[in-house]
$ cat model33.cif   # mmCIF, C-alpha atoms
data_entry
#
loop_
_atom_site.label_atom_id
_atom_site.label_comp_id
_atom_site.auth_asym_id
_atom_site.auth_seq_id
_atom_site.Cartn_x
_atom_site.Cartn_y
_atom_site.Cartn_z
CA MET L 1 0.00 0.00 0.00
CA THR L 2 1.15 3.48 -0.74
CA SER L 3 1.11 6.25 1.77
CA ALA L 4 1.15 8.84 -1.02
CA ARG L 5 -1.53 11.48 -0.90
CA PRO L 6 -4.67 10.66 -2.86
CA ASP L 7 -5.72 12.21 -6.10
CA ARG L 8 -7.48 15.32 -4.93
CA ASP L 9 -10.08 15.11 -7.69
CA ALA L 10 -11.19 11.71 -6.44
CA VAL L 11 -12.37 13.05 -3.11
CA THR L 12 -15.65 14.74 -3.53
CA ASP L 13 -18.44 16.17 -1.48
CA HIS L 14 -21.49 14.14 -0.65
CA ILE L 15 -22.52 11.87 -3.53
CA GLU L 16 -26.27 11.59 -4.03
CA TRP L 17 -28.30 8.58 -5.12
CA GLN L 18 -29.75 8.86 -8.61
CA ASN L 19 -31.86 6.74 -10.91
CA ALA L 20 -30.29 5.17 -13.97
CA THR L 21 -32.08 3.38 -16.80
CA ILE L 22 -30.93 0.09 -18.32
CA LEU L 23 -30.34 0.95 -21.99
CA CYS L 24 -29.08 -2.37 -23.18
CA ILE L 25 -27.90 -5.75 -21.92
CA VAL L 26 -25.08 -7.63 -23.67
CA GLU L 27 -24.06 -11.22 -23.00
CA ARG L 28 -20.27 -11.26 -22.52
CA THR L 29 -19.54 -14.80 -21.36
CA ARG L 30 -21.50 -17.77 -20.06
CA THR L 31 -21.85 -16.05 -16.67
CA ILE L 32 -21.16 -12.36 -17.27
CA ARG L 33 -23.44 -9.77 -18.84
CA SER L 34 -22.85 -6.09 -19.44
CA PHE L 35 -25.54 -3.64 -18.37
CA PHE L 36 -25.38 -0.21 -20.00
CA LEU L 37 -26.94 2.37 -17.70
CA GLN L 38 -28.08 5.82 -18.73
CA LEU L 39 -27.38 8.16 -15.81
CA SER L 40 -30.03 10.75 -14.98
CA ARG L 41 -27.22 12.92 -13.58
CA PRO L 42 -24.04 12.19 -15.56
CA PHE L 43 -20.74 12.29 -13.67
CA GLY L 44 -17.09 12.22 -14.58
CA PHE L 45 -14.93 9.50 -13.08
CA THR L 46 -11.48 7.97 -13.17
CA ALA L 47 -10.98 4.44 -14.49
CA GLY L 48 -10.93 2.02 -11.55
CA GLN L 49 -13.77 3.65 -9.63
CA HIS L 50 -17.03 1.93 -8.74
CA VAL L 51 -20.69 2.66 -8.14
CA ASP L 52 -22.98 1.41 -5.42
CA LEU L 53 -26.29 -0.03 -6.57
CA ARG L 54 -29.35 -0.21 -4.34
CA LEU L 55 -32.28 -2.50 -5.05
CA THR L 56 -35.45 -1.95 -3.02
CA ALA L 57 -38.29 -4.45 -2.56
CA GLU L 58 -41.97 -3.49 -2.27
CA ASP L 59 -41.80 -3.79 1.53
CA GLY L 60 -38.84 -1.43 1.80
CA TYR L 61 -36.11 -4.05 2.18
CA ALA L 62 -33.02 -2.80 0.35
CA ALA L 63 -29.87 -4.56 -0.83
CA MET L 64 -26.71 -2.71 -1.78
CA ARG L 65 -23.65 -3.85 -3.72
CA SER L 66 -20.61 -2.19 -5.24
CA TYR L 67 -19.73 -2.73 -8.91
CA SER L 68 -16.66 -1.47 -10.74
CA ILE L 69 -17.28 0.57 -13.88
CA ALA L 70 -16.11 -1.17 -17.06
CA SER L 71 -16.57 1.70 -19.48
CA SER L 72 -14.11 4.45 -20.30
CA PRO L 73 -14.55 7.80 -18.56
CA THR L 74 -14.63 9.35 -22.03
CA SER L 75 -18.12 7.99 -22.68
CA SER L 76 -20.60 10.52 -21.38
CA GLY L 77 -23.71 9.81 -19.41
CA ILE L 78 -23.70 6.06 -19.98
CA ILE L 79 -21.76 3.61 -17.85
CA GLU L 80 -21.18 -0.08 -18.44
CA LEU L 81 -21.22 -2.56 -15.56
CA ALA L 82 -20.18 -6.15 -16.27
CA ILE L 83 -21.97 -8.29 -13.70
CA GLU L 84 -21.14 -11.93 -13.06
CA ARG L 85 -24.04 -14.15 -12.03
CA LEU L 86 -23.13 -15.72 -8.72
CA PRO L 87 -25.31 -18.77 -8.00
CA ASP L 88 -26.07 -17.54 -4.48
CA GLY L 89 -26.01 -13.87 -5.39
CA GLU L 90 -28.87 -11.73 -4.16
CA VAL L 91 -28.22 -8.80 -6.49
CA SER L 92 -26.40 -10.48 -9.38
CA THR L 93 -29.23 -13.01 -9.86
CA PHE L 94 -31.69 -10.11 -10.00
CA PHE L 95 -29.68 -8.53 -12.81
CA HIS L 96 -29.36 -11.77 -14.77
CA ASP L 97 -32.80 -13.25 -14.17
CA VAL L 98 -35.17 -10.30 -13.68
CA ALA L 99 -33.77 -6.98 -14.93
CA ARG L 100 -34.62 -5.87 -18.45
CA VAL L 101 -34.11 -2.91 -20.72
CA GLY L 102 -36.01 0.14 -19.51
CA ASP L 103 -35.82 -0.76 -15.82
CA GLU L 104 -34.68 1.95 -13.45
CA ILE L 105 -31.85 1.17 -11.04
CA GLU L 106 -30.81 3.33 -8.12
CA LEU L 107 -27.09 4.08 -7.97
CA ARG L 108 -24.52 6.49 -6.61
CA GLY L 109 -21.02 7.26 -7.77
CA PRO L 110 -18.30 7.62 -8.65
CA LEU L 111 -16.80 6.04 -5.52
CA GLY L 112 -13.35 4.92 -4.48
CA GLY L 113 -10.19 7.00 -4.35
CA HIS L 114 -7.38 4.45 -4.39
CA PHE L 115 -7.58 1.90 -7.21
CA LEU L 116 -7.30 4.60 -9.87
CA TRP L 117 -5.72 4.83 -13.30
CA PRO L 118 -2.72 7.20 -13.03
CA ALA L 119 -3.56 9.39 -16.00
CA HIS L 120 -0.37 11.44 -15.80
CA THR L 121 2.24 8.72 -15.48
CA THR L 122 4.76 8.11 -18.23
CA GLN L 123 6.03 4.86 -16.69
CA PRO L 124 4.89 1.33 -17.63
CA ILE L 125 1.95 -0.28 -15.88
CA LEU L 126 1.31 -3.91 -14.94
CA MET L 127 -2.20 -5.26 -14.43
CA ILE L 128 -3.09 -8.72 -13.19
CA GLY L 129 -6.71 -9.82 -13.03
CA ALA L 130 -8.86 -12.92 -12.84
CA GLY L 131 -12.34 -13.48 -14.24
CA SER L 132 -14.62 -10.52 -13.61
CA GLY L 133 -11.70 -8.90 -11.76
CA LEU L 134 -10.88 -7.57 -15.22
CA VAL L 135 -13.70 -5.03 -15.02
CA PRO L 136 -11.91 -2.04 -13.41
CA LEU L 137 -8.77 -2.94 -15.41
CA MET L 138 -10.84 -2.84 -18.61
CA SER L 139 -11.96 0.68 -17.79
CA MET L 140 -8.28 1.59 -17.37
CA ILE L 141 -7.33 -0.07 -20.67
CA ARG L 142 -10.11 1.82 -22.41
CA GLN L 143 -9.06 5.11 -20.82
CA ARG L 144 -5.47 4.36 -21.85
CA SER L 145 -6.53 3.69 -25.45
CA SER L 146 -8.09 7.12 -25.71
CA SER L 147 -4.93 8.81 -24.45
CA SER L 148 -2.70 10.65 -26.91
CA ARG L 149 0.43 8.98 -25.51
CA PRO L 150 -0.55 5.60 -24.06
CA VAL L 151 2.01 4.20 -21.62
CA PRO L 152 3.39 0.69 -22.14
CA THR L 153 1.05 -1.65 -20.29
CA ALA L 154 1.02 -5.38 -19.68
CA LEU L 155 -2.12 -7.28 -18.70
CA LEU L 156 -1.94 -10.79 -17.28
CA LEU L 157 -5.47 -12.16 -17.21
CA SER L 158 -6.51 -15.45 -15.67
CA SER L 159 -9.59 -17.20 -16.97
CA ARG L 160 -10.87 -20.76 -16.89
CA THR L 161 -11.18 -21.12 -20.64
CA TRP L 162 -10.65 -19.17 -23.88
CA SER L 163 -14.40 -18.74 -24.31
CA GLU L 164 -14.73 -17.28 -20.81
CA VAL L 165 -12.17 -14.51 -21.31
CA LEU L 166 -14.15 -11.36 -20.62
CA PHE L 167 -13.82 -8.66 -23.33
CA ARG L 168 -11.50 -11.05 -25.21
CA ASP L 169 -11.94 -9.71 -28.73
CA GLU L 170 -11.61 -6.10 -27.63
CA LEU L 171 -8.47 -6.89 -25.62
CA LEU L 172 -6.83 -8.75 -28.47
CA ALA L 173 -7.70 -5.94 -30.88
CA ALA L 174 -6.23 -3.39 -28.48
CA GLU L 175 -3.06 -5.46 -28.28
CA ARG L 176 -2.77 -5.47 -32.07
CA ASP L 177 -3.20 -1.72 -32.45
CA GLY L 178 0.48 -1.07 -31.81
CA SER L 179 0.03 1.26 -28.84
CA GLY L 180 2.13 -0.86 -26.50
CA LEU L 181 -0.47 -3.01 -24.74
CA SER L 182 0.67 -6.57 -24.11
CA VAL L 183 -1.96 -9.17 -23.19
CA ALA L 184 -1.06 -12.54 -21.66
CA LEU L 185 -3.82 -15.01 -20.89
CA ALA L 186 -3.50 -17.64 -18.19
CA LEU L 187 -6.08 -20.32 -18.99
CA THR L 188 -6.57 -22.64 -16.05
CA ARG L 189 -8.78 -25.23 -17.79
CA ASP L 190 -8.00 -24.85 -21.45
CA GLU L 191 -5.19 -25.14 -23.96
CA THR L 192 -3.46 -22.09 -25.36
CA THR L 193 -3.48 -21.17 -29.02
CA ARG L 194 -1.39 -18.02 -28.83
CA SER L 195 2.34 -17.98 -28.12
CA GLY L 196 2.89 -15.98 -24.97
CA ASP L 197 -0.23 -17.28 -23.27
CA PHE L 198 -0.13 -19.82 -20.45
CA ALA L 199 -2.15 -22.95 -19.69
CA ARG L 200 -1.89 -22.86 -15.91
CA HIS L 201 -2.73 -20.83 -12.83
CA VAL L 202 -0.90 -17.56 -12.31
CA ASP L 203 2.42 -18.00 -10.51
CA GLY L 204 5.58 -16.04 -9.81
CA ALA L 205 7.48 -17.31 -12.85
CA MET L 206 4.61 -16.22 -15.08
CA ILE L 207 4.57 -12.74 -13.57
CA ALA L 208 8.35 -12.44 -14.03
CA ASP L 209 7.89 -13.49 -17.68
CA VAL L 210 5.17 -10.87 -18.27
CA LEU L 211 7.27 -8.19 -16.56
CA ARG L 212 10.02 -8.78 -19.12
CA ARG L 213 7.57 -7.73 -21.85
CA LEU L 214 7.59 -4.18 -20.44
CA PRO L 215 10.40 -1.77 -21.38
CA ALA L 216 11.03 -0.81 -17.73
CA VAL L 217 9.95 -1.64 -14.20
CA PRO L 218 6.30 -0.63 -13.78
CA SER L 219 5.56 2.34 -11.55
CA HIS L 220 2.03 1.10 -10.86
CA VAL L 221 0.73 -2.43 -10.42
CA PHE L 222 -3.02 -3.15 -10.27
CA LEU L 223 -4.29 -6.53 -9.06
CA CYS L 224 -7.96 -7.47 -9.01
CA GLY L 225 -9.76 -10.73 -8.34
CA SER L 226 -10.67 -13.02 -5.48
CA ASN L 227 -8.65 -12.69 -2.30
CA ALA L 228 -6.88 -16.00 -2.92
CA PHE L 229 -5.95 -14.93 -6.45
CA VAL L 230 -4.75 -11.49 -5.34
CA ASN L 231 -2.56 -13.05 -2.64
CA VAL L 232 -0.89 -15.36 -5.17
CA ALA L 233 -0.42 -12.50 -7.63
CA THR L 234 0.90 -10.19 -4.92
CA ASP L 235 3.43 -12.77 -3.74
CA GLY L 236 4.56 -13.28 -7.34
CA ALA L 237 4.91 -9.55 -7.91
CA LEU L 238 6.90 -9.06 -4.69
CA ASP L 239 9.12 -12.07 -5.46
CA ALA L 240 9.77 -10.58 -8.91
CA GLY L 241 11.22 -7.56 -7.15
CA LEU L 242 8.36 -5.10 -7.40
CA SER L 243 7.94 -2.72 -4.48
CA SER L 244 4.89 -3.21 -2.29
CA ALA L 245 4.36 0.57 -2.38
CA THR L 246 3.58 0.34 -6.12
CA ILE L 247 0.97 -2.42 -5.75
CA LYS L 248 -2.73 -1.62 -5.44
CA THR L 249 -5.19 -4.42 -4.91
CA GLU L 250 -8.92 -4.85 -5.14
CA ARG L 251 -10.33 -8.03 -3.68
CA TYR L 252 -13.89 -9.15 -4.05
CA GLY L 253 -15.98 -11.55 -2.09
CA GLY L 254 -17.57 -9.01 0.18
CA MET Z 1 -37.55 3.89 -5.28
CA VAL Z 2 -38.96 0.35 -5.53
CA THR Z 3 -37.01 -1.78 -8.01
CA ARG Z 4 -39.34 -3.66 -10.36
CA GLY Z 5 -39.32 -7.38 -9.62
CA PHE Z 6 -36.83 -7.28 -6.77
CA ILE Z 7 -37.70 -9.41 -3.75
CA GLY Z 8 -34.29 -9.98 -2.22
CA ARG Z 9 -33.19 -12.13 0.62
CA GLN Z 10 -34.55 -10.59 3.77
CA PRO Z 11 -32.82 -11.40 7.03
CA ALA Z 12 -34.65 -13.72 9.42
CA SER Z 13 -36.93 -11.55 11.54
CA LYS Z 14 -35.06 -12.50 14.71
CA ASP Z 15 -31.89 -11.01 13.17
CA ALA Z 16 -33.41 -7.99 11.44
CA HIS Z 17 -32.75 -5.65 14.35
CA ARG Z 18 -29.05 -6.56 14.30
CA LEU Z 19 -28.58 -5.58 10.67
CA PRO Z 20 -27.75 -1.92 9.93
CA PRO Z 21 -29.42 -0.30 6.88
CA GLY Z 22 -28.15 -1.47 3.49
CA GLN Z 23 -26.21 -4.41 4.97
CA HIS Z 24 -26.61 -8.14 4.29
CA VAL Z 25 -25.47 -11.10 6.36
CA VAL Z 26 -22.59 -13.31 5.25
CA ASN Z 27 -21.37 -16.53 6.81
CA SER Z 28 -17.94 -16.35 5.18
CA PHE Z 29 -15.35 -13.81 6.26
CA PRO Z 30 -14.49 -11.73 3.17
CA VAL Z 31 -11.02 -10.21 2.93
CA LEU Z 32 -10.58 -6.70 1.58
CA SER Z 33 -7.41 -4.63 1.61
CA ALA Z 34 -5.87 -1.95 -0.55
CA GLY Z 35 -2.45 -3.50 -1.03
CA PRO Z 36 -0.25 -6.51 -0.36
CA VAL Z 37 -0.49 -8.39 2.93
CA PRO Z 38 2.64 -7.22 4.79
CA ARG Z 39 5.28 -9.87 5.49
CA LEU Z 40 5.57 -9.40 9.22
CA ALA Z 41 7.09 -11.68 11.89
CA THR Z 42 6.13 -11.33 15.55
CA THR Z 43 9.86 -11.02 16.35
CA ASP Z 44 9.86 -7.75 14.39
CA TRP Z 45 6.51 -6.59 15.74
CA GLN Z 46 5.96 -3.83 18.23
CA PHE Z 47 3.04 -1.68 19.28
CA VAL Z 48 3.73 2.01 19.89
CA LEU Z 49 1.56 4.46 21.78
CA LYS Z 50 2.18 8.09 20.81
CA LEU Z 51 1.02 11.58 21.64
CA GLY Z 52 1.62 13.54 18.46
CA PRO Z 53 5.23 12.69 17.52
CA ARG Z 54 6.23 11.68 21.06
CA VAL Z 55 6.43 7.99 22.02
CA LEU Z 56 4.57 7.33 25.27
CA LYS Z 57 5.28 3.62 25.50
CA ALA Z 58 6.13 0.69 23.23
CA TRP Z 59 5.62 -3.06 23.69
CA ASP Z 60 7.23 -5.95 21.89
CA TRP Z 61 5.20 -9.07 21.04
CA ALA Z 62 5.98 -10.87 24.31
CA ALA Z 63 5.26 -7.84 26.47
CA PHE Z 64 2.02 -7.11 24.63
CA ASN Z 65 0.87 -10.71 25.11
CA ARG Z 66 1.47 -10.37 28.86
CA LEU Z 67 -1.15 -7.58 29.08
CA PRO Z 68 -4.64 -8.61 30.26
CA GLN Z 69 -6.43 -10.53 27.50
CA THR Z 70 -10.14 -9.90 26.95
CA THR Z 71 -12.53 -11.99 24.85
CA ILE Z 72 -15.57 -10.49 23.10
CA THR Z 73 -18.23 -11.77 20.72
CA THR Z 74 -19.62 -9.09 18.44
CA ASP Z 75 -21.23 -8.33 15.07
CA ILE Z 76 -19.07 -6.61 12.45
CA HIS Z 77 -20.16 -4.45 9.51
CA CYS Z 78 -18.11 -3.77 6.37
CA VAL Z 79 -18.76 -0.66 4.27
CA THR Z 80 -19.00 -2.92 1.19
CA ALA Z 81 -22.34 -3.98 2.73
CA TRP Z 82 -21.62 -7.34 4.33
CA SER Z 83 -22.19 -7.95 8.02
CA LYS Z 84 -21.05 -10.96 9.99
CA PHE Z 85 -22.73 -11.90 13.24
CA ASP Z 86 -21.19 -13.31 16.44
CA THR Z 87 -17.51 -13.02 15.60
CA SER Z 88 -15.24 -13.96 18.51
CA TRP Z 89 -12.05 -12.03 19.26
CA GLU Z 90 -9.38 -12.02 21.93
CA GLY Z 91 -6.94 -9.21 22.60
CA VAL Z 92 -6.00 -6.24 24.75
CA THR Z 93 -8.54 -3.47 25.28
CA VAL Z 94 -7.38 0.07 24.66
CA ASP Z 95 -8.26 0.71 28.32
CA ASP Z 96 -5.74 -1.95 29.40
CA ILE Z 97 -3.10 -0.57 27.01
CA LEU Z 98 -3.52 2.90 28.52
CA ALA Z 99 -3.53 1.49 32.06
CA ASP Z 100 -0.27 -0.35 31.42
CA ALA Z 101 1.23 2.91 30.19
CA GLY Z 102 -0.05 4.60 33.35
CA LEU Z 103 -2.04 7.12 31.34
CA ALA Z 104 -5.50 8.48 30.81
CA ALA Z 105 -6.37 9.13 27.16
CA PRO Z 106 -4.53 12.42 26.53
CA THR Z 107 -6.56 13.93 23.64
CA GLU Z 108 -9.98 13.60 22.00
CA PHE Z 109 -8.78 12.05 18.75
CA ALA Z 110 -6.58 9.19 17.66
CA LEU Z 111 -5.08 7.72 14.51
CA ALA Z 112 -4.39 4.01 14.25
CA HIS Z 113 -1.31 3.25 12.16
CA SER Z 114 -0.45 0.02 10.39
CA TYR Z 115 2.65 -1.76 9.13
CA ASP Z 116 1.61 -1.29 5.49
CA GLY Z 117 1.33 2.50 5.78
CA TYR Z 118 -2.42 2.41 6.34
CA SER Z 119 -4.03 4.68 8.90
CA THR Z 120 -7.53 5.43 10.13
CA ASN Z 121 -8.93 8.00 12.53
CA VAL Z 122 -11.18 7.16 15.47
CA PRO Z 123 -12.37 9.53 18.21
CA THR Z 124 -10.85 8.56 21.55
CA ALA Z 125 -14.32 8.16 23.06
CA ASP Z 126 -14.90 5.27 20.60
CA LEU Z 127 -11.73 3.50 21.72
CA ILE Z 128 -12.05 3.56 25.51
CA ASN Z 129 -14.60 2.16 27.98
CA SER Z 130 -14.34 -1.34 26.53
CA LYS Z 131 -15.39 -0.21 23.04
CA ALA Z 132 -12.20 -1.26 21.24
CA MET Z 133 -9.24 -3.61 21.49
CA VAL Z 134 -6.10 -4.66 19.71
CA ALA Z 135 -7.11 -8.18 18.71
CA LEU Z 136 -4.55 -10.98 18.62
CA LYS Z 137 -6.88 -13.95 18.10
CA TYR Z 138 -9.98 -14.72 16.05
CA ASN Z 139 -12.13 -17.73 16.97
CA GLY Z 140 -9.50 -18.80 19.49
CA GLN Z 141 -6.72 -18.95 16.90
CA PRO Z 142 -3.87 -16.51 16.23
CA LEU Z 143 -5.13 -13.88 13.80
CA SER Z 144 -4.18 -14.86 10.22
CA PRO Z 145 -2.24 -12.38 8.05
CA ASP Z 146 -5.25 -12.01 5.69
CA HIS Z 147 -7.36 -10.79 8.57
CA GLY Z 148 -4.72 -8.46 9.96
CA GLY Z 149 -2.41 -10.70 11.97
CA PRO Z 150 -0.35 -10.60 14.06
CA ALA Z 151 -2.63 -7.86 15.47
CA ARG Z 152 -5.45 -5.62 14.30
CA LEU Z 153 -7.49 -2.88 15.85
CA LEU Z 154 -11.10 -3.91 16.55
CA VAL Z 155 -13.71 -1.15 16.77
CA PRO Z 156 -16.78 -3.24 16.02
CA HIS Z 157 -19.43 -0.52 16.37
CA LEU Z 158 -17.95 1.39 13.38
CA TYR Z 159 -17.57 0.23 9.76
CA PHE Z 160 -14.80 -2.30 9.62
CA TRP Z 161 -12.24 -0.17 7.74
CA LYS Z 162 -11.77 1.55 11.12
CA SER Z 163 -10.54 -1.77 12.53
CA ALA Z 164 -7.06 -1.32 11.05
CA LYS Z 165 -5.30 -4.54 10.03
CA TRP Z 166 -1.60 -5.07 10.86
CA VAL Z 167 -1.81 -2.32 13.45
CA SER Z 168 1.50 -0.86 14.61
CA GLY Z 169 0.28 1.71 17.08
CA LEU Z 170 -2.13 4.37 18.25
CA GLN Z 171 -1.29 8.04 17.98
CA PHE Z 172 -3.30 10.54 19.98
CA THR Z 173 -3.84 13.84 18.16
CA ASP Z 174 -5.19 17.27 19.02
CA ARG Z 175 -7.59 17.31 16.10
CA ASP Z 176 -9.39 14.78 13.88
CA HIS Z 177 -6.88 13.94 11.10
CA ALA Z 178 -8.31 11.94 8.20
CA GLY Z 179 -6.73 8.50 7.66
CA PHE Z 180 -6.14 6.51 4.48
CA TRP Z 181 -9.71 5.84 3.33
CA GLU Z 182 -11.05 8.99 4.95
CA LEU Z 183 -8.77 10.96 2.56
CA ARG Z 184 -10.12 8.90 -0.33
CA GLY Z 185 -13.82 9.58 -0.11
CA TYR Z 186 -14.89 7.58 2.93
CA HIS Z 187 -16.66 8.99 5.97
CA MET Z 188 -14.70 10.55 8.85
CA TYR Z 189 -16.68 8.64 11.50
CA GLY Z 190 -18.31 5.61 9.83
CA ASP Z 191 -21.34 4.69 11.95
CA PRO Z 192 -23.11 1.77 10.22
CA TRP Z 193 -26.41 2.56 11.94
CA ARG Z 194 -26.41 6.03 10.37
CA GLU Z 195 -25.04 4.58 7.11
CA GLN Z 196 -22.01 6.87 7.12
CA ARG Z 197 -20.22 5.19 4.22
CA TYR Z 198 -18.83 8.05 2.17
CA THR Z 199 -17.75 11.66 2.77
CA ASN Z 200 -20.55 13.73 4.26
CA ASP Z 201 -23.11 10.87 4.25
#
$ encode --input "model33.cif" --output "structure tokens"
Amino acid sequence: MTSARPDRDAVTDHIEWQNATILCIVERTRTIRSFFLQLSRPFGFTAGQHVDLRLTAEDGYAAMRSYSIASSPTSSGIIELAIERLPDGEVSTFFHDVARVGDEIELRGPLGGHFLWPAHTTQPILMIGAGSGLVPLMSMIRQRSSSSRPVPTALLLSSRTWSEVLFRDELLAAERDGSGLSVALALTRDETTRSGDFARHVDGAMIADVLRRLPAVPSHVFLCGSNAFVNVATDGALDAGLSSATIKTERYGG
Amino acid sequence: MVTRGFIGRQPASKDAHRLPPGQHVVNSFPVLSAGPVPRLATTDWQFVLKLGPRVLKAWDWAAFNRLPQTTITTDIHCVTAWSKFDTSWEGVTVDDILADAGLAAPTEFALAHSYDGYSTNVPTADLINSKAMVALKYNGQPLSPDHGGPARLLVPHLYFWKSAKWVSGLQFTDRDHAGFWELRGYHMYGDPWREQRYTND
């Protein structure tokens, strides 16, 4: 963790609840769908931030969850959330099984002042994610793509299979565009078809390999996934010589 | 606003009064932290009590473990909306830490500091009178690194980010200085019953 001062812009005054309308729903993988929400009060944000959603039943019972924003901050008034259906999920099952286009959803944001894309850095960046842990990293990759001088960035993304790689086609296209994005997939239950990908769980040797694809030591490292995954990735990053002060983590399961 | 078609999973009525607004009950114990788990041995551990920059007293691991140990069972509430009921902790109350230092709480505010550079502010009144402890055990076992071991602050009546993991000391201050998350958009006090999640909630 860094003890550096936060980005001043990220700390805001009180953030109000607002209603957003589901504009469209896109199936991304077997278990993940994107929900595009039209904000009634558009806000600017920094890639990596999240929103809180609040669902309210007829009797007043309310359930709240946080979801990272997947879209780029450059899109105005519409945010994309990529929500994984968890079998026991109270809110994610609502989105997958009940919600439809035109529904209004209560949300507030942008929230979170730590796991943020460093828009002004000129140094390389390393990202390591697993499954839907890609979501805030995807927002960062999209923000990076719209930058006039994108910094060299390496993404190591763990997924069970090739078909379950979230945003796969967009990621591979972004890698091919010559802007200096390197994508390495770690497929835990599938074979690899691309050289440079891995057919195993993320480990320290893999992280060291991906680091060598960057032109210099990264100044920022972003890790997102389950706690168990983030611990493995953090250990690998530290063993590869990265400083703990450069590593920011986001762990889900709560 | 009522959400069309949402029923949700209401808490059992016997538990409803224990659940702050917007929270849901979990049986697991989720782990959230902003950076790597620090690699910290108890031989390198110490707990430091400060007033501003001045050290009032410091304890090494053995000395801290010789302080009176208190066990509590309590509900905890994370700002990410999960609550966990009946968690069992053992550690040293802030009252007993102050008593061992031969002190009354010297100022109205305090910052807890951690080995990873984390900090969080808590009013002194929320730390004393058996409201808070430095926990060394969870469920009878030494606190695991994921959950803040060797030692974490435990202030169970506030959102759980106030219960600083990997705590290295308490610093009393003359005014209410914002800590790590409080500088990054989270509430200065963090009362779950008033749903004080974010700045100025």
$ resolve_selection --input "model33.cif" --expression "the PyMOL selection byres ((chain Z and resi 92) around 9)" --output "list in words"
Phe64, Asn65, Leu67, Pro68, Gln69, Thr70, Thr71, Glu90, Gly91, Thr93, Val94, Asp95, Asp96, Ile97, Ala132, Met133, Val134, Ala135 and Leu136 of chain Z
$ write_last_selection --input "model33.cif" --atoms "C-alpha atoms" --output "PDB file, keeping the file's coordinate frame"
ATOM      1  CA  PHE Z  64       2.020  -7.110  24.630  1.00  0.00           C
ATOM      2  CA  ASN Z  65       0.870 -10.710  25.110  1.00  0.00           C
ATOM      3  CA  LEU Z  67      -1.150  -7.580  29.080  1.00  0.00           C
ATOM      4  CA  PRO Z  68      -4.640  -8.610  30.260  1.00  0.00           C
ATOM      5  CA  GLN Z  69      -6.430 -10.530  27.500  1.00  0.00           C
ATOM      6  CA  THR Z  70     -10.140  -9.900  26.950  1.00  0.00           C
ATOM      7  CA  THR Z  71     -12.530 -11.990  24.850  1.00  0.00           C
ATOM      8  CA  GLU Z  90      -9.380 -12.020  21.930  1.00  0.00           C
ATOM      9  CA  GLY Z  91      -6.940  -9.210  22.600  1.00  0.00           C
ATOM     10  CA  THR Z  93      -8.540  -3.470  25.280  1.00  0.00           C
ATOM     11  CA  VAL Z  94      -7.380   0.070  24.660  1.00  0.00           C
ATOM     12  CA  ASP Z  95      -8.260   0.710  28.320  1.00  0.00           C
ATOM     13  CA  ASP Z  96      -5.740  -1.950  29.400  1.00  0.00           C
ATOM     14  CA  ILE Z  97      -3.100  -0.570  27.010  1.00  0.00           C
ATOM     15  CA  ALA Z 132     -12.200  -1.260  21.240  1.00  0.00           C
ATOM     16  CA  MET Z 133      -9.240  -3.610  21.490  1.00  0.00           C
ATOM     17  CA  VAL Z 134      -6.100  -4.660  19.710  1.00  0.00           C
ATOM     18  CA  ALA Z 135      -7.110  -8.180  18.710  1.00  0.00           C
ATOM     19  CA  LEU Z 136      -4.550 -10.980  18.620  1.00  0.00           C
TER      20      LEU Z 136
END
$ atom_distance --input "model33.cif" --atom1 "atom CA of Ala237 of chain L" --atom2 "atom CA of Ser146 of chain L"
27.6 Å
$ residues_around --input "model33.cif" --residues "Arg30 of chain L" --least-positions-apart "6" --cutoff "12 Å" --atoms "all atoms listed in the file" --output "MDAnalysis selection string"
chainID L and resid 83:86 96 131:132 160:166
$ residues_near_point --input "model33.cif" --point "(-5.3, 12.0, 30.1)" --cutoff "12 Å" --atoms "only C-alpha atoms" --output "mmCIF file with C-alpha atoms, keeping the file's coordinate frame"
data_model
loop_
_atom_site.group_PDB
_atom_site.id
_atom_site.type_symbol
_atom_site.label_atom_id
_atom_site.label_comp_id
_atom_site.auth_asym_id
_atom_site.auth_seq_id
_atom_site.Cartn_x
_atom_site.Cartn_y
_atom_site.Cartn_z
ATOM 1 C CA LEU Z 51 1.020 11.580 21.640
ATOM 2 C CA LEU Z 56 4.570 7.330 25.270
ATOM 3 C CA ASP Z 95 -8.260 0.710 28.320
ATOM 4 C CA LEU Z 98 -3.520 2.900 28.520
ATOM 5 C CA ALA Z 99 -3.530 1.490 32.060
ATOM 6 C CA ALA Z 101 1.230 2.910 30.190
ATOM 7 C CA GLY Z 102 -0.050 4.600 33.350
ATOM 8 C CA LEU Z 103 -2.040 7.120 31.340
ATOM 9 C CA ALA Z 104 -5.500 8.480 30.810
ATOM 10 C CA ALA Z 105 -6.370 9.130 27.160
ATOM 11 C CA PRO Z 106 -4.530 12.420 26.530
ATOM 12 C CA THR Z 107 -6.560 13.930 23.640
ATOM 13 C CA GLU Z 108 -9.980 13.600 22.000
ATOM 14 C CA PHE Z 109 -8.780 12.050 18.750
ATOM 15 C CA THR Z 124 -10.850 8.560 21.550
ATOM 16 C CA ILE Z 128 -12.050 3.560 25.510
ATOM 17 C CA PHE Z 172 -3.300 10.540 19.980
#
$ interface_residues --input "model33.cif" --of "chain Z" --to "chain L" --cutoff "9 Å" --atoms "only C-alpha atoms" --output "NGL selection string"
:Z and (1-10 or 21-24 or 26 or 28-38 or 78 or 80-82 or 116-119 or 146 or 180-181 or 183-186 or 198-201)
$ residues_around --input "model33.cif" --residues "Pro218 of chain L" --least-positions-apart "2" --cutoff "7 Å" --atoms "all atoms listed in the file" --output "list in words"
Gln123, Pro124, Ile125, Leu126, Ala216, His220 and Val221 of chain L
